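Colleague: Before we start, here is the structure in question, set down as structure tokens.
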Amino acid sequence: MVPQQYLVRDVSKETADTFTLKLEPELGANGNSFRPGQFSMLWVFGVGELPISISGDPAQHDQLVYTVRSVGQATNALVTQAVGNGIGVRGPFGTGWPLEAAEGHDVIVVAGGIGLAPLRPVIYEVLQNRERYGRLVILYGARSPHDLLYRKELAAWARQRDTQVLITVDYGGMNWRGHVGVVTTLFKYARLKPSNSTAMVCGPEIMMRFVTLELESHGLDRSNVYLSMERNMKCGVGFCGHCQYGPYFICKDGPVFSYEQMRPMLEKYEI
Ligand SMILES: Cc1cc2nc3c(=O)[nH]c(=O)nc-3n(C[C@H](O)[C@H](O)[C@H](O)COP(=O)(O)OP(=O)(O)OC[C@H]3O[C@@H](n4cnc5c(N)ncnc54)[C@H](O)[C@@H]3O)c2cc1C
Ligand code: FES
């Protein structure tokens, strides 16, 4: 429960409202190992504490990387930190994406907006351990071309062997030559092998509802589909009940759940 002091080493702009921060422990390297999909509780001193997914490379142990969209007081305070400032870090917390279960399978990553951040460590892991996985299919949707995260990396991933990257935006504008439409419209271009695939999905809840239906209609077994859920959090470790979602605490039992676990709740619009 006690935060460790980390120092901001770099802040880079991804889009107008989204920034990637690199943090290093003030007292030198301490392992920093995490499972792709886990999150930290980041405490901006004097402002507040909030859950943010780790978006960096799990093989890099000397720093923790976070991609943050400024939507309110605490996230705005995070993205406006200066290099050298201190941040309190608790965690990593929560469940990770099922990378062991996905070994030998094609991996389908479906992300909407900032949802690509918790999935980026999965992409690093698959690309660094190519022999363990089949094809990597990345379907990514953003509001506009200006809202696309990790643009250079998306282009680099698309050049990797056995990797397909499909991108769409809700509004293209004059200079956009790519796909326009919601992320589910990309499925008709995706080369999928449903009988031997694991899908990992993160984005707004409404997007995840439709993506899971699409994956099912393509023949993916529900037990091979995983989602990352979001709720307001306080403790991050299952004590306070703030993040309760049906029978689960998102912080402790999630944030990554199987579609089978989430399906009864996703069908109830009022939860
Ligand atoms: C497990 C987990 C991982 C997350 N990972 C990331 C991440 O990698 N990057 C990132 O930018 N954000 C992430 N978030 C969301 C982030 O924690 C919230 O955006 C943040 O707490 C908002 O705090 P604030 O004080 O800036 O905004 P507030 O002033 O609290 O809220 C501003 C607006 O955002 C809405 N809001 C607040 N919290 C949430 C939430 N959890 N989900 C949806 N809407 C919310 C409010 O209703 C309000 O409209 C994650 C959340 C969870 C639970
Ligand atoms: S945030 Fe306290 S129980 Fe989940």
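So you can find residues: chains in the structure tokens are A, B, ... in the order shown, residues in each start at 1, and ligands are numbered from 1 in order.
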Would you tabulate, counting only C-alpha atoms and all ligand atoms, all residues of chain A that have an atom at most 12 Å from an atom of ligand 2, showing the closest pair of atoms and their distance in Å to one decimal, sorted by chain then ascending number, as a Markdown table?

Modeller:
```
| residue | atom | partner | partner_atom_place_in_ligand_line | distance |
| --- | --- | --- | --- | --- |
| A:Met1 | CA | ligand 2 | 2 (Fe) | 11.3 |
| A:Phe39 | CA | ligand 2 | 1 (S) | 11.7 |
| A:Ser40 | CA | ligand 2 | 1 (S) | 11.5 |
| A:Met41 | CA | ligand 2 | 1 (S) | 9.7 |
| A:Glu49 | CA | ligand 2 | 1 (S) | 11.1 |
| A:Leu50 | CA | ligand 2 | 1 (S) | 9.8 |
| A:Pro51 | CA | ligand 2 | 1 (S) | 8.9 |
| A:Phe93 | CA | ligand 2 | 4 (Fe) | 10.2 |
| A:Gly94 | CA | ligand 2 | 4 (Fe) | 9.6 |
| A:Met229 | CA | ligand 2 | 4 (Fe) | 11.9 |
| A:Glu230 | CA | ligand 2 | 4 (Fe) | 10.4 |
| A:Arg231 | CA | ligand 2 | 1 (S) | 8.2 |
| A:Asn232 | CA | ligand 2 | 1 (S) | 7.1 |
| A:Met233 | CA | ligand 2 | 1 (S) | 3.8 |
| A:Lys234 | CA | ligand 2 | 1 (S) | 4.4 |
| A:Cys235 | CA | ligand 2 | 2 (Fe) | 4.0 |
| A:Gly236 | CA | ligand 2 | 1 (S) | 4.0 |
| A:Val237 | CA | ligand 2 | 4 (Fe) | 5.6 |
| A:Gly238 | CA | ligand 2 | 3 (S) | 3.4 |
| A:Phe239 | CA | ligand 2 | 3 (S) | 4.5 |
| A:Cys240 | CA | ligand 2 | 2 (Fe) | 3.8 |
| A:Gly241 | CA | ligand 2 | 3 (S) | 3.8 |
| A:His242 | CA | ligand 2 | 2 (Fe) | 5.0 |
| A:Cys243 | CA | ligand 2 | 4 (Fe) | 4.3 |
| A:Gln244 | CA | ligand 2 | 4 (Fe) | 6.5 |
| A:Tyr245 | CA | ligand 2 | 4 (Fe) | 9.5 |
| A:Pro247 | CA | ligand 2 | 3 (S) | 11.7 |
| A:Tyr248 | CA | ligand 2 | 4 (Fe) | 8.9 |
| A:Phe249 | CA | ligand 2 | 4 (Fe) | 5.2 |
| A:Ile250 | CA | ligand 2 | 4 (Fe) | 5.9 |
| A:Cys251 | CA | ligand 2 | 4 (Fe) | 4.4 |
| A:Lys252 | CA | ligand 2 | 4 (Fe) | 6.3 |
| A:Asp253 | CA | ligand 2 | 4 (Fe) | 8.8 |
| A:Gly254 | CA | ligand 2 | 4 (Fe) | 9.4 |
| A:Pro255 | CA | ligand 2 | 4 (Fe) | 9.8 |
```

Colleague: Which neighbours of Gly56 (chain A) fall inside 8 Å, counting only C-alpha atoms, when residues of the same chain fewer than 4 positions from it are skipped, and could you give them as a PyMOL selection string?

Modeller: chain A and resi 60+64-66+120-121

Colleague: Quick one: residues within 7 Å of Gly134 (chain A), only C-alpha atoms, excluding same-chain residues fewer than 4 positions away - as a list in words?

Modeller: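 My list of contacting residues is Gly104, His105, Asp106 and Val107 of chain A.
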
Colleague: As a ChimeraX atom specification, please: every residue in region 14-254 of chain A that a backbone DSSP assignment puts in strand (DSSP E or B).

Modeller: /A:18-25,39-44,48-54,64-69,86-93,106-112,136-142,163-169,179-180,197-202,225-228,244-245,248-249

Colleague: To one decimal in Å, tell me the separation between CA of Gly96 (chain A) and CA of Gly84 (chain A).

Modeller: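 Atom-to-atom, CA of Gly96 (chain A) and CA of Gly84 (chain A) are spaced 29.6 Å apart.
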
Colleague: Taking into account only C-alpha atoms, which residue in the set A:Cys202, A:Met174, A:Leu139, A:Val169 is nearest to Leu186 (chain A)?

Modeller: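 The shortest atom-to-atom distance to Leu186 (chain A) comes from A:Leu139.
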
Colleague: Tell me, as a PyMOL selection string, which residues lie within 10 Å of region 154-164 of chain A, counting only C-alpha atoms; anything in the same chain fewer than 6 positions away does not count.

Modeller: chain A and resi 106-108+123-124+127+130+133-140+148+189-191

Colleague: Write the residues of the preceding selection, restricted to N, CA, C and O atoms, as a PDB file, in the first residue's frame.

Modeller:
```pdb
ATOM      1  N   ASP A 106      -2.597 -17.995 -32.957  1.00  0.00           N
ATOM      2  CA  ASP A 106      -2.550 -16.647 -33.515  1.00  0.00           C
ATOM      3  C   ASP A 106      -3.045 -15.708 -32.420  1.00  0.00           C
ATOM      4  O   ASP A 106      -3.920 -16.079 -31.617  1.00  0.00           O
ATOM      5  N   VAL A 107      -2.495 -14.498 -32.380  1.00  0.00           N
ATOM      6  CA  VAL A 107      -2.913 -13.523 -31.363  1.00  0.00           C
ATOM      7  C   VAL A 107      -3.616 -12.367 -32.079  1.00  0.00           C
ATOM      8  O   VAL A 107      -3.050 -11.750 -32.979  1.00  0.00           O
ATOM      9  N   ILE A 108      -4.869 -12.130 -31.679  1.00  0.00           N
ATOM     10  CA  ILE A 108      -5.648 -11.037 -32.280  1.00  0.00           C
ATOM     11  C   ILE A 108      -5.772  -9.933 -31.227  1.00  0.00           C
ATOM     12  O   ILE A 108      -6.345 -10.157 -30.147  1.00  0.00           O
ATOM     13  N   ILE A 123       2.069  -6.793 -27.611  1.00  0.00           N
ATOM     14  CA  ILE A 123       2.665  -6.734 -28.957  1.00  0.00           C
ATOM     15  C   ILE A 123       4.186  -6.886 -28.853  1.00  0.00           C
ATOM     16  O   ILE A 123       4.808  -7.649 -29.603  1.00  0.00           O
ATOM     17  N   TYR A 124       4.802  -6.186 -27.863  1.00  0.00           N
ATOM     18  CA  TYR A 124       6.256  -6.339 -27.669  1.00  0.00           C
ATOM     19  C   TYR A 124       6.596  -7.795 -27.378  1.00  0.00           C
ATOM     20  O   TYR A 124       7.543  -8.346 -27.930  1.00  0.00           O
ATOM     21  N   LEU A 127       6.235 -10.047 -30.488  1.00  0.00           N
ATOM     22  CA  LEU A 127       7.259  -9.795 -31.507  1.00  0.00           C
ATOM     23  C   LEU A 127       8.649 -10.227 -31.048  1.00  0.00           C
ATOM     24  O   LEU A 127       9.496 -10.580 -31.865  1.00  0.00           O
ATOM     25  N   ARG A 130       8.744 -14.566 -31.246  1.00  0.00           N
ATOM     26  CA  ARG A 130       7.964 -14.923 -32.435  1.00  0.00           C
ATOM     27  C   ARG A 130       7.684 -16.418 -32.527  1.00  0.00           C
ATOM     28  O   ARG A 130       6.646 -16.845 -33.012  1.00  0.00           O
ATOM     29  N   TYR A 133       4.385 -17.943 -30.853  1.00  0.00           N
ATOM     30  CA  TYR A 133       3.024 -17.580 -31.261  1.00  0.00           C
ATOM     31  C   TYR A 133       2.865 -17.729 -32.770  1.00  0.00           C
ATOM     32  O   TYR A 133       3.845 -17.744 -33.515  1.00  0.00           O
ATOM     33  N   GLY A 134       1.604 -17.794 -33.208  1.00  0.00           N
ATOM     34  CA  GLY A 134       1.311 -17.799 -34.642  1.00  0.00           C
ATOM     35  C   GLY A 134       1.294 -16.372 -35.176  1.00  0.00           C
ATOM     36  O   GLY A 134       2.099 -15.538 -34.748  1.00  0.00           O
ATOM     37  N   ARG A 135       0.347 -16.080 -36.039  1.00  0.00           N
ATOM     38  CA  ARG A 135       0.276 -14.736 -36.624  1.00  0.00           C
ATOM     39  C   ARG A 135      -0.195 -13.733 -35.581  1.00  0.00           C
ATOM     40  O   ARG A 135      -0.919 -14.074 -34.640  1.00  0.00           O
ATOM     41  N   LEU A 136       0.229 -12.483 -35.779  1.00  0.00           N
ATOM     42  CA  LEU A 136      -0.230 -11.393 -34.912  1.00  0.00           C
ATOM     43  C   LEU A 136      -1.092 -10.477 -35.768  1.00  0.00           C
ATOM     44  O   LEU A 136      -0.637  -9.973 -36.807  1.00  0.00           O
ATOM     45  N   VAL A 137      -2.349 -10.317 -35.352  1.00  0.00           N
ATOM     46  CA  VAL A 137      -3.278  -9.449 -36.086  1.00  0.00           C
ATOM     47  C   VAL A 137      -3.664  -8.308 -35.147  1.00  0.00           C
ATOM     48  O   VAL A 137      -4.194  -8.552 -34.053  1.00  0.00           O
ATOM     49  N   ILE A 138      -3.387  -7.069 -35.568  1.00  0.00           N
ATOM     50  CA  ILE A 138      -3.695  -5.900 -34.725  1.00  0.00           C
ATOM     51  C   ILE A 138      -4.780  -5.082 -35.425  1.00  0.00           C
ATOM     52  O   ILE A 138      -4.579  -4.621 -36.562  1.00  0.00           O
ATOM     53  N   LEU A 139      -5.924  -4.921 -34.771  1.00  0.00           N
ATOM     54  CA  LEU A 139      -7.010  -4.094 -35.300  1.00  0.00           C
ATOM     55  C   LEU A 139      -7.145  -2.900 -34.365  1.00  0.00           C
ATOM     56  O   LEU A 139      -7.394  -3.076 -33.162  1.00  0.00           O
ATOM     57  N   TYR A 140      -6.987  -1.696 -34.890  1.00  0.00           N
ATOM     58  CA  TYR A 140      -6.939  -0.526 -34.020  1.00  0.00           C
ATOM     59  C   TYR A 140      -7.829   0.584 -34.581  1.00  0.00           C
ATOM     60  O   TYR A 140      -7.730   0.933 -35.760  1.00  0.00           O
ATOM     61  N   LEU A 148      -4.414   8.848 -33.291  1.00  0.00           N
ATOM     62  CA  LEU A 148      -3.738   7.542 -33.318  1.00  0.00           C
ATOM     63  C   LEU A 148      -2.509   7.576 -32.420  1.00  0.00           C
ATOM     64  O   LEU A 148      -1.659   8.464 -32.545  1.00  0.00           O
ATOM     65  N   TYR A 189     -11.299  -7.436 -43.384  1.00  0.00           N
ATOM     66  CA  TYR A 189      -9.968  -7.423 -44.017  1.00  0.00           C
ATOM     67  C   TYR A 189      -8.957  -8.276 -43.250  1.00  0.00           C
ATOM     68  O   TYR A 189      -7.829  -8.450 -43.694  1.00  0.00           O
ATOM     69  N   ALA A 190      -9.342  -8.749 -42.075  1.00  0.00           N
ATOM     70  CA  ALA A 190      -8.391  -9.472 -41.222  1.00  0.00           C
ATOM     71  C   ALA A 190      -8.272 -10.919 -41.661  1.00  0.00           C
ATOM     72  O   ALA A 190      -9.277 -11.561 -41.982  1.00  0.00           O
ATOM     73  N   ARG A 191      -7.025 -11.421 -41.665  1.00  0.00           N
ATOM     74  CA  ARG A 191      -6.817 -12.832 -42.010  1.00  0.00           C
ATOM     75  C   ARG A 191      -6.799 -13.618 -40.700  1.00  0.00           C
ATOM     76  O   ARG A 191      -5.794 -13.678 -40.008  1.00  0.00           O
TER      77      ARG A 191
END
```

Colleague: Name all residues at most 10 Å from Lys22 (chain A) (count only C-alpha atoms; drop same-chain ones fewer than 6 positions away) and give them as a ChimeraX atom specification.

Modeller: /A:6-12,55-56,63-67,83

Colleague: Just all heavy atoms for this one: save the residues we selected as a short mmCIF file (atom, residue, chain, number, x, y, z; two decimals), in the first residue's frame.

Modeller:
```
data_model
loop_
_atom_site.label_atom_id
_atom_site.label_comp_id
_atom_site.auth_asym_id
_atom_site.auth_seq_id
_atom_site.Cartn_x
_atom_site.Cartn_y
_atom_site.Cartn_z
N TYR A 6 9.14 7.42 -7.60
CA TYR A 6 9.76 7.31 -8.92
C TYR A 6 10.00 8.72 -9.46
O TYR A 6 9.29 9.65 -9.08
CB TYR A 6 8.85 6.54 -9.89
CG TYR A 6 8.98 5.04 -9.81
CD1 TYR A 6 8.69 4.36 -8.63
CD2 TYR A 6 9.39 4.30 -10.91
CE1 TYR A 6 8.83 2.98 -8.56
CE2 TYR A 6 9.51 2.92 -10.85
CZ TYR A 6 9.24 2.26 -9.67
OH TYR A 6 9.37 0.90 -9.60
N LEU A 7 10.97 8.83 -10.37
CA LEU A 7 11.24 10.14 -10.98
C LEU A 7 10.86 10.10 -12.45
O LEU A 7 11.08 9.09 -13.14
CB LEU A 7 12.73 10.49 -10.86
CG LEU A 7 13.26 10.60 -9.42
CD1 LEU A 7 14.75 10.91 -9.42
CD2 LEU A 7 12.49 11.66 -8.63
N VAL A 8 10.28 11.19 -12.93
CA VAL A 8 9.91 11.28 -14.34
C VAL A 8 11.19 11.47 -15.16
O VAL A 8 11.95 12.41 -14.92
CB VAL A 8 8.95 12.48 -14.57
CG1 VAL A 8 8.60 12.61 -16.05
CG2 VAL A 8 7.70 12.34 -13.73
N ARG A 9 11.45 10.55 -16.08
CA ARG A 9 12.66 10.63 -16.91
C ARG A 9 12.37 11.19 -18.30
O ARG A 9 13.25 11.72 -18.97
CB ARG A 9 13.31 9.25 -17.05
CG ARG A 9 13.98 8.79 -15.79
CD ARG A 9 15.14 9.70 -15.45
NE ARG A 9 15.79 9.28 -14.22
CZ ARG A 9 16.33 10.11 -13.34
NH1 ARG A 9 16.27 11.43 -13.54
NH2 ARG A 9 16.91 9.66 -12.25
N ASP A 10 11.12 11.02 -18.75
CA ASP A 10 10.79 11.51 -20.09
C ASP A 10 9.28 11.67 -20.22
O ASP A 10 8.53 10.87 -19.65
CB ASP A 10 11.30 10.51 -21.15
CG ASP A 10 11.16 11.06 -22.56
OD1 ASP A 10 11.77 12.11 -22.85
OD2 ASP A 10 10.41 10.47 -23.37
N VAL A 11 8.86 12.70 -20.92
CA VAL A 11 7.43 12.87 -21.23
C VAL A 11 7.36 13.14 -22.72
O VAL A 11 7.95 14.11 -23.21
CB VAL A 11 6.81 14.07 -20.47
CG1 VAL A 11 5.32 14.18 -20.77
CG2 VAL A 11 7.05 13.95 -18.97
N SER A 12 6.68 12.29 -23.48
CA SER A 12 6.60 12.53 -24.92
C SER A 12 5.15 12.61 -25.36
O SER A 12 4.28 11.88 -24.84
CB SER A 12 7.35 11.45 -25.71
OG SER A 12 6.83 10.20 -25.39
N SER A 55 2.36 0.53 -20.13
CA SER A 55 2.31 0.42 -21.60
C SER A 55 3.66 0.13 -22.21
O SER A 55 3.80 0.12 -23.43
CB SER A 55 1.74 1.72 -22.21
OG SER A 55 2.64 2.79 -22.02
N GLY A 56 4.68 -0.11 -21.36
CA GLY A 56 6.04 -0.30 -21.90
C GLY A 56 6.36 -1.76 -22.18
O GLY A 56 5.50 -2.64 -22.13
N GLN A 63 12.78 0.71 -16.13
CA GLN A 63 11.82 1.82 -16.08
C GLN A 63 10.39 1.32 -16.22
O GLN A 63 10.15 0.19 -16.64
CB GLN A 63 12.12 2.82 -17.21
CG GLN A 63 12.05 2.18 -18.58
CD GLN A 63 12.45 3.15 -19.70
OE1 GLN A 63 13.03 4.20 -19.44
NE2 GLN A 63 12.12 2.80 -20.91
N LEU A 64 9.44 2.17 -15.85
CA LEU A 64 8.02 1.88 -16.07
C LEU A 64 7.47 2.94 -17.01
O LEU A 64 7.76 4.13 -16.85
CB LEU A 64 7.26 1.89 -14.74
CG LEU A 64 7.52 0.69 -13.82
CD1 LEU A 64 6.90 0.92 -12.45
CD2 LEU A 64 6.98 -0.60 -14.43
N VAL A 65 6.69 2.49 -17.99
CA VAL A 65 6.19 3.41 -19.03
C VAL A 65 4.66 3.42 -18.97
O VAL A 65 4.02 2.37 -18.85
CB VAL A 65 6.68 2.95 -20.42
CG1 VAL A 65 6.15 3.86 -21.52
CG2 VAL A 65 8.21 2.91 -20.46
N TYR A 66 4.09 4.62 -19.06
CA TYR A 66 2.63 4.78 -19.00
C TYR A 66 2.19 5.74 -20.11
O TYR A 66 2.87 6.74 -20.36
CB TYR A 66 2.21 5.39 -17.65
CG TYR A 66 2.66 4.57 -16.47
CD1 TYR A 66 3.89 4.84 -15.86
CD2 TYR A 66 1.89 3.53 -15.98
CE1 TYR A 66 4.33 4.08 -14.77
CE2 TYR A 66 2.31 2.77 -14.90
CZ TYR A 66 3.54 3.05 -14.30
OH TYR A 66 3.97 2.30 -13.24
N THR A 67 1.05 5.46 -20.71
CA THR A 67 0.49 6.38 -21.71
C THR A 67 -0.82 6.90 -21.14
O THR A 67 -1.71 6.11 -20.81
CB THR A 67 0.28 5.65 -23.05
OG1 THR A 67 1.54 5.11 -23.45
CG2 THR A 67 -0.24 6.60 -24.12
N VAL A 83 10.28 16.73 -16.33
CA VAL A 83 11.31 15.73 -16.13
C VAL A 83 12.02 16.03 -14.80
O VAL A 83 12.32 17.19 -14.50
CB VAL A 83 12.31 15.75 -17.31
CG1 VAL A 83 13.54 14.90 -17.03
CG2 VAL A 83 11.61 15.27 -18.58
#
```

Colleague: Between CA of Asn224 (chain A) and CA of Ser258 (chain A), measure the distance and give it in Å to one decimal.

Modeller: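 Interatomic distance here is 7.4 Å.
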
Colleague: What gap, in Å, lies between CA of Gly91 (chain A) and atom 44 (N, counted along the ligand's line) of ligand 1?

Modeller: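 We find that CA of Gly91 (chain A) and atom 44 (N, counted along the ligand's line) of ligand 1 lie 20.6 Å from each other.
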
Colleague: Nearest to ligand 1 among A:Val256, A:Leu27, A:Val89, A:Ala102, with distances taken over only C-alpha atoms and all ligand atoms: which residue is it?

Modeller: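 For ligand 1, the nearest of the candidates is A:Val256.
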
Colleague: Nearest residue to Ala16 (chain A) out of A:His146, A:Arg35, A:Arg90, A:His218, using only C-alpha atoms?

Modeller: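 Distance minimum relative to Ala16 (chain A) lands on A:His146.
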
Colleague: Counting only C-alpha atoms, what is within 10 Å of Thr184 (chain A), bar same-chain residues fewer than 5 positions away, as JSON, numbers by chain?

Modeller: {"A": [110, 139, 140, 141, 168, 207, 208, 210, 211, 212, 213, 214, 215]}

Colleague: Might you pull out every residue within 10 Å of Val47 (chain A), with only C-alpha atoms counted and same-chain residues fewer than 3 positions away left off, and present them as a PyMOL selection string?

Modeller: chain A and resi 43-44+50+73-78

Colleague: For a quick check of understanding, using only C-alpha atoms and all ligand atoms, which of A:Leu116, A:Ala59, A:Ile87, A:Leu23 has the smallest distance to ligand 1?

Modeller: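 Once distances to ligand 1 are computed over only C-alpha atoms and all ligand atoms, the minimum belongs to A:Leu116.
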